[in-house]
Amino acid sequence: MTDAERLEQLIQARHTAVSIVTNEEDYALKLVREVSLKRGSELWLWSIIGGVRDGMMADSPPIPDTEHPAAGLWYLLSKSQPIAAVTLDLAGHLKDEKILRLLRDLIRRFRETGGHLVMIDHREEMPAVVRAEATRFEISLPDEAELESIVRDTVRRISRSSRIEVEITRRGLKTVVRNLRGLTRRQAEQIIIDVVSEDRRFDENDINHVLARKRQALHEGGLLEYIEAPVDLEEIGGLRRLKSWLQMRQNAMSDEAGSFGLGMPRGVLMLGVQGAGKSLCAKAIATAWQRPLLRMDPCALYDRYVGESERRLREALHQAESMAPIILWIDEIEKAFASAASRSTDGGLSQRMFGTLLTWMQEHQAPVFLVATANDIEALPPELLRKGRFDEIFFVDLPGKETREHIFAIHLQKRRRDPASFDLDCLAKASDGYSGAEIEQAVISALHEAFASRRELNTKLILDALRASPPLSVTMAERIAGLRTWAEGRCVPAD
C-alpha cells in the first residue's frame, strides 16, 4: 500500500491520534490533506507561528490568538462536530502540564466525536502518556517509480524558470534513479537541483555526480556511510575459508537461487583478535559479491530524547532495505549493545535497541546481507550468538606464516616497491604473532625511516620496525588465548 492508503486505513480503523516523526513535513502534510479530502473531513492545522487555520489551504488566514499551543488546542477542543486536526512540532511544548492536559482532553473528545488528530514532529520526544495514546506512523522512503517522478518533475520545474539541456538515455535515467534509492524525497530533489544547476544540463555525466552527492548526504545524515571496498580479493591476504564460503554463495541472492529452493543469505558474525582483519572481511564480502558496502555506527544512533534512538535505528535499517541489494556492516557491535543484558545502566535503552535489531534480523525480506564484527566475546548479548541469527560465525585469528608473507607483499606493492626485492620469508618469521594491521604499520614506519635518512626501503629497516613495536599478542597474551579457547569448536576459522 501507499503511504496515503496506510494512513487512511489507520483513520478508518478509528486510531484517534497518529504520530508522524519525520523531517519531510511537507510530504506528511500532503498525505493528511489527501486522506482528509478523500474522506470529506474538515481539516484544521495548528503551528506555533500560524496558529489554527484551514488545513486544506496553504495560505489561509489564521484564527486570531491561537498561536500559543494552549489556545490552539482549546480552539480545536471547542469543535463539537467530528474534525481532522494536524499539529506541527507540538511535542516540544508538552513539558507544560497545562498543554499536556489539553492535548489528552482533545484526544478523548475526538474519540467520542469520531474526529482524529495527526501530530507531525521533527523529533520523537512525546511524553509516555501520549505515546501510549498515539499510533506511530512511519513514512516510507520513495521507491524507484516515485523517484523517477521526482527527477522528471524537478527537471521540468527548473527548465521552466531557466531553460536547461536534457540529453539522457532511458538507461541513464534508470541509473540515476537507482543511485537515488535510500534517500528521502527532499534529499533526492535537492541532489537533482544541485547537479543540474552546475552546468544547466542533465545528461549521462550526472550519474557519478548523483552518486557522489548521495554519499555526502548519507554521511551528513550520520546513519549510514558508504565504504570503498577493494576491487580485487587478491588485495586481501589470507581468509581462505571465508573466500571459499563467499564464492559458494556469490549468486545466492538471485531469483534463480530462490527458484532452486535456497533462502536468502542473511549475514555473518566476525569475531577475532583486534587488527587481525575483520574489517577487511566486510570489504571482502562486498568485493566478492559486487555489492555496495554501507557501514552503520550504532553508537552514533543514540540520542538523549526518549524513543529517538530506536527511531533512528529503524530509519537506518529501513534506509538500508531501500538501497538493497547491499552489504550492511556493523563494526564493533558489542560496543553499542554491551548493556543489552541489563536495564540498570541506561534505563533499558540498549536492550530496546538490541531487540529492534534482532527483530529486523529475523524478519527483513530485502536482500540486505549483515556483516557484524566484534572483538570482545564477553560483552556480546548471548541472544546474538544463538543459532539462526547468522548464517555463519567466523573467527579471524592472527595470520599464519604464509599469509604474513602475502600481507607484506600486498603492502609493499601498494607503496610501489617490488616484493621480490625483500626477504619475505625472513619478514614472515620475524612477524610471528603480529596482526595484519601491525604488519602494515611496520612497513609504514620503516618507510618513514628510509625517507628521513635518504635511504631506500629494505628488509633490515622493516625488521627494525618490527622489533621496536611489540605486537598485541604479547601485550594482551592472556586475553587473546582466552578468545582462541572460546572460538574453538564454536566458530569457523576464516583462514
# chains A, B, ... in the order shown; residues from 1 in each chain; ligands from 1
call {"tool": "select_by_dssp", "arguments": {"residues": "segment 113-238 of chain A", "states": "alpha helix (DSSP H)", "output": "PyMOL selection string"}}
result
chain A and resi 113+128-133+144-161+170-179+185-199+206-221
call {"tool": "residues_around", "arguments": {"residues": "Leu173 of chain A", "least_positions_apart": "6", "cutoff": "10 Å", "atoms": "only C-alpha atoms", "output": "PDB file with C-alpha atoms, in the first residue's frame"}}
result
ATOM      1  CA  GLU A 148      11.723   8.825 -11.322  1.00  0.00           C
ATOM      2  CA  VAL A 151      13.540  13.561 -11.103  1.00  0.00           C
ATOM      3  CA  ARG A 152      11.257  14.363 -14.053  1.00  0.00           C
ATOM      4  CA  GLU A 167      20.271  14.673 -23.077  1.00  0.00           C
ATOM      5  CA  ASN A 179      21.588   5.829  -7.351  1.00  0.00           C
ATOM      6  CA  PHE A 202      21.032  16.860 -17.325  1.00  0.00           C
ATOM      7  CA  ASP A 203      22.909  14.060 -19.042  1.00  0.00           C
ATOM      8  CA  GLU A 204      24.899  10.841 -18.530  1.00  0.00           C
ATOM      9  CA  ASP A 206      25.441  13.498 -13.941  1.00  0.00           C
ATOM     10  CA  ILE A 207      25.271   9.825 -12.928  1.00  0.00           C
TER      11      ILE A 207
END
call {"tool": "closest_residue", "arguments": {"among": "A:Pro298, A:Gly388, A:Pro62, A:Pro367", "to": "Phe354 of chain A", "atoms": "only C-alpha atoms"}}
result
A:Pro298
call {"tool": "residues_around", "arguments": {"residues": "segment 210-218 of chain A", "least_positions_apart": "3", "cutoff": "8 Å", "atoms": "only C-alpha atoms", "output": "PyMOL selection string"}}
result
chain A and resi 176+179-180+183+187+191-192+195+206-207+221-226
call {"tool": "residues_around", "arguments": {"residues": "segment 63-69 of chain A", "least_positions_apart": "3", "cutoff": "10 Å", "atoms": "only C-alpha atoms", "output": "list in words"}}
result
Trp46, Ser47, Ile48, Ile49, Gly50, Gly51, Val52, Arg53, Asp54, Ser60, Gly72, Leu73, Trp74, Tyr75, Leu76, Thr87, Leu90, His93, Leu94, Asp96, Lys98, Ile99, Leu100, Leu102 and Leu103 of chain A
call {"tool": "write_last_selection", "arguments": {"atoms": "C-alpha atoms", "output": "mmCIF file, in the first residue's frame"}}
result
data_model
loop_
_atom_site.group_PDB
_atom_site.id
_atom_site.type_symbol
_atom_site.label_atom_id
_atom_site.label_comp_id
_atom_site.auth_asym_id
_atom_site.auth_seq_id
_atom_site.Cartn_x
_atom_site.Cartn_y
_atom_site.Cartn_z
ATOM 1 C CA TRP A 46 -2.017 24.343 14.098
ATOM 2 C CA SER A 47 1.553 25.654 14.332
ATOM 3 C CA ILE A 48 3.280 27.964 16.790
ATOM 4 C CA ILE A 49 3.746 30.574 14.029
ATOM 5 C CA GLY A 50 0.440 30.397 12.161
ATOM 6 C CA GLY A 51 -1.932 29.369 14.936
ATOM 7 C CA VAL A 52 -5.040 27.445 13.894
ATOM 8 C CA ARG A 53 -6.091 27.773 10.260
ATOM 9 C CA ASP A 54 -7.785 25.884 7.447
ATOM 10 C CA SER A 60 -5.459 30.543 4.659
ATOM 11 C CA GLY A 72 -4.780 26.370 19.708
ATOM 12 C CA LEU A 73 -5.724 23.137 21.468
ATOM 13 C CA TRP A 74 -8.553 24.907 23.284
ATOM 14 C CA TYR A 75 -9.963 26.137 19.967
ATOM 15 C CA LEU A 76 -9.842 22.613 18.499
ATOM 16 C CA THR A 87 -0.320 19.851 14.838
ATOM 17 C CA LEU A 90 3.743 20.192 19.303
ATOM 18 C CA HIS A 93 5.627 22.065 24.214
ATOM 19 C CA LEU A 94 4.189 19.101 26.118
ATOM 20 C CA ASP A 96 3.943 22.175 30.170
ATOM 21 C CA LYS A 98 -1.493 22.508 31.102
ATOM 22 C CA ILE A 99 -0.759 21.906 27.409
ATOM 23 C CA LEU A 100 -0.366 18.171 28.036
ATOM 24 C CA LEU A 102 -5.420 19.942 26.953
ATOM 25 C CA LEU A 103 -3.946 17.508 24.414
#
call {"tool": "closest_residue", "arguments": {"among": "A:Gly400, A:Gly272, A:Pro493, A:Pro292", "to": "Arg479 of chain A", "atoms": "only C-alpha atoms"}}
result
A:Gly272
call {"tool": "residues_around", "arguments": {"residues": "Glu124 of chain A", "least_positions_apart": "3", "cutoff": "12 Å", "atoms": "only C-alpha atoms", "output": "PyMOL selection string"}}
result
chain A and resi 19-23+89-92+94+119-121+127-128+130-131+136-138+303-312
call {"tool": "write_last_selection", "arguments": {"atoms": "C-alpha atoms", "output": "PDB file, in the first residue's frame"}}
result
ATOM      1  CA  SER A  19       2.156  10.415  15.480  1.00  0.00           C
ATOM      2  CA  ILE A  20       4.446  11.054  12.498  1.00  0.00           C
ATOM      3  CA  VAL A  21       8.093  11.829  13.294  1.00  0.00           C
ATOM      4  CA  THR A  22       9.818  12.996  10.133  1.00  0.00           C
ATOM      5  CA  ASN A  23      11.949  15.661   8.511  1.00  0.00           C
ATOM      6  CA  ASP A  89       6.041  20.382  16.309  1.00  0.00           C
ATOM      7  CA  LEU A  90       3.743  20.192  19.303  1.00  0.00           C
ATOM      8  CA  ALA A  91       5.835  17.587  21.152  1.00  0.00           C
ATOM      9  CA  GLY A  92       8.384  20.102  22.443  1.00  0.00           C
ATOM     10  CA  LEU A  94       4.189  19.101  26.118  1.00  0.00           C
ATOM     11  CA  MET A 119       0.832  15.079  15.221  1.00  0.00           C
ATOM     12  CA  ILE A 120       3.748  15.827  12.888  1.00  0.00           C
ATOM     13  CA  ASP A 121       7.043  16.407  14.710  1.00  0.00           C
ATOM     14  CA  PRO A 127       5.582  12.063  26.994  1.00  0.00           C
ATOM     15  CA  ALA A 128       4.932   8.399  27.733  1.00  0.00           C
ATOM     16  CA  VAL A 130       0.851  10.484  24.813  1.00  0.00           C
ATOM     17  CA  ARG A 131       2.931   7.732  23.195  1.00  0.00           C
ATOM     18  CA  ARG A 136       3.108   5.593  15.290  1.00  0.00           C
ATOM     19  CA  PHE A 137       3.102   6.082  11.522  1.00  0.00           C
ATOM     20  CA  GLU A 138       6.370   5.597   9.641  1.00  0.00           C
ATOM     21  CA  ASP A 303      20.082  10.209  21.285  1.00  0.00           C
ATOM     22  CA  ARG A 304      19.218  11.874  24.566  1.00  0.00           C
ATOM     23  CA  TYR A 305      15.499  12.041  23.741  1.00  0.00           C
ATOM     24  CA  VAL A 306      13.310   9.118  24.768  1.00  0.00           C
ATOM     25  CA  GLY A 307      12.384   6.981  21.764  1.00  0.00           C
ATOM     26  CA  GLU A 308      14.601   8.898  19.337  1.00  0.00           C
ATOM     27  CA  SER A 309      17.416   6.313  19.361  1.00  0.00           C
ATOM     28  CA  GLU A 310      15.068   3.466  18.464  1.00  0.00           C
ATOM     29  CA  ARG A 311      13.526   5.606  15.698  1.00  0.00           C
ATOM     30  CA  ARG A 312      16.961   6.406  14.258  1.00  0.00           C
TER      31      ARG A 312
END
call {"tool": "atom_distance", "arguments": {"atom1": "atom CA of Gln12 of chain A", "atom2": "atom CA of Arg314 of chain A"}}
result
25.8 Å
call {"tool": "residues_around", "arguments": {"residues": "Ala428 of chain A", "least_positions_apart": "6", "cutoff": "6 Å", "atoms": "only C-alpha atoms", "output": "list in words"}}
result
Lys401, Arg404 and Glu405 of chain A
call {"tool": "write_last_selection", "arguments": {"atoms": "N, CA and C atoms", "output": "mmCIF file, in the first residue's frame"}}
result
data_model
loop_
_atom_site.group_PDB
_atom_site.id
_atom_site.type_symbol
_atom_site.label_atom_id
_atom_site.label_comp_id
_atom_site.auth_asym_id
_atom_site.auth_seq_id
_atom_site.Cartn_x
_atom_site.Cartn_y
_atom_site.Cartn_z
ATOM 1 N N LYS A 401 52.193 -17.963 8.817
ATOM 2 C CA LYS A 401 53.416 -17.517 8.134
ATOM 3 C C LYS A 401 53.172 -17.233 6.651
ATOM 4 N N ARG A 404 51.230 -14.097 6.276
ATOM 5 C CA ARG A 404 52.021 -12.911 6.599
ATOM 6 C C ARG A 404 52.916 -12.519 5.423
ATOM 7 N N GLU A 405 53.484 -13.499 4.719
ATOM 8 C CA GLU A 405 54.264 -13.204 3.509
ATOM 9 C C GLU A 405 53.404 -12.461 2.495
#
call {"tool": "residues_around", "arguments": {"residues": "Arg201 of chain A", "least_positions_apart": "3", "cutoff": "8 Å", "atoms": "only C-alpha atoms", "output": "VMD selection string"}}
result
chain A and resid 164 to 167 196 to 198
call {"tool": "closest_residue", "arguments": {"among": "A:Gln413, A:Thr403, A:Ser435, A:Thr459", "to": "Ser473 of chain A", "atoms": "only C-alpha atoms"}}
result
A:Ser435
call {"tool": "atom_distance", "arguments": {"atom1": "atom CA of Glu440 of chain A", "atom2": "atom CA of Val474 of chain A"}}
result
17.6 Å
call {"tool": "atom_distance", "arguments": {"atom1": "atom CA of Arg39 of chain A", "atom2": "atom CA of Glu8 of chain A"}}
result
8.6 Å
call {"tool": "select_by_dssp", "arguments": {"residues": "segment 71-204 of chain A", "states": "strand (DSSP E)", "output": "ChimeraX atom specification"}}
result
/A:84-88,116-121,135-136,165-167,201-203
call {"tool": "closest_residue", "arguments": {"among": "A:Arg417, A:Leu461, A:Ser469, A:Phe394", "to": "Arg490 of chain A", "atoms": "only C-alpha atoms"}}
result
A:Phe394
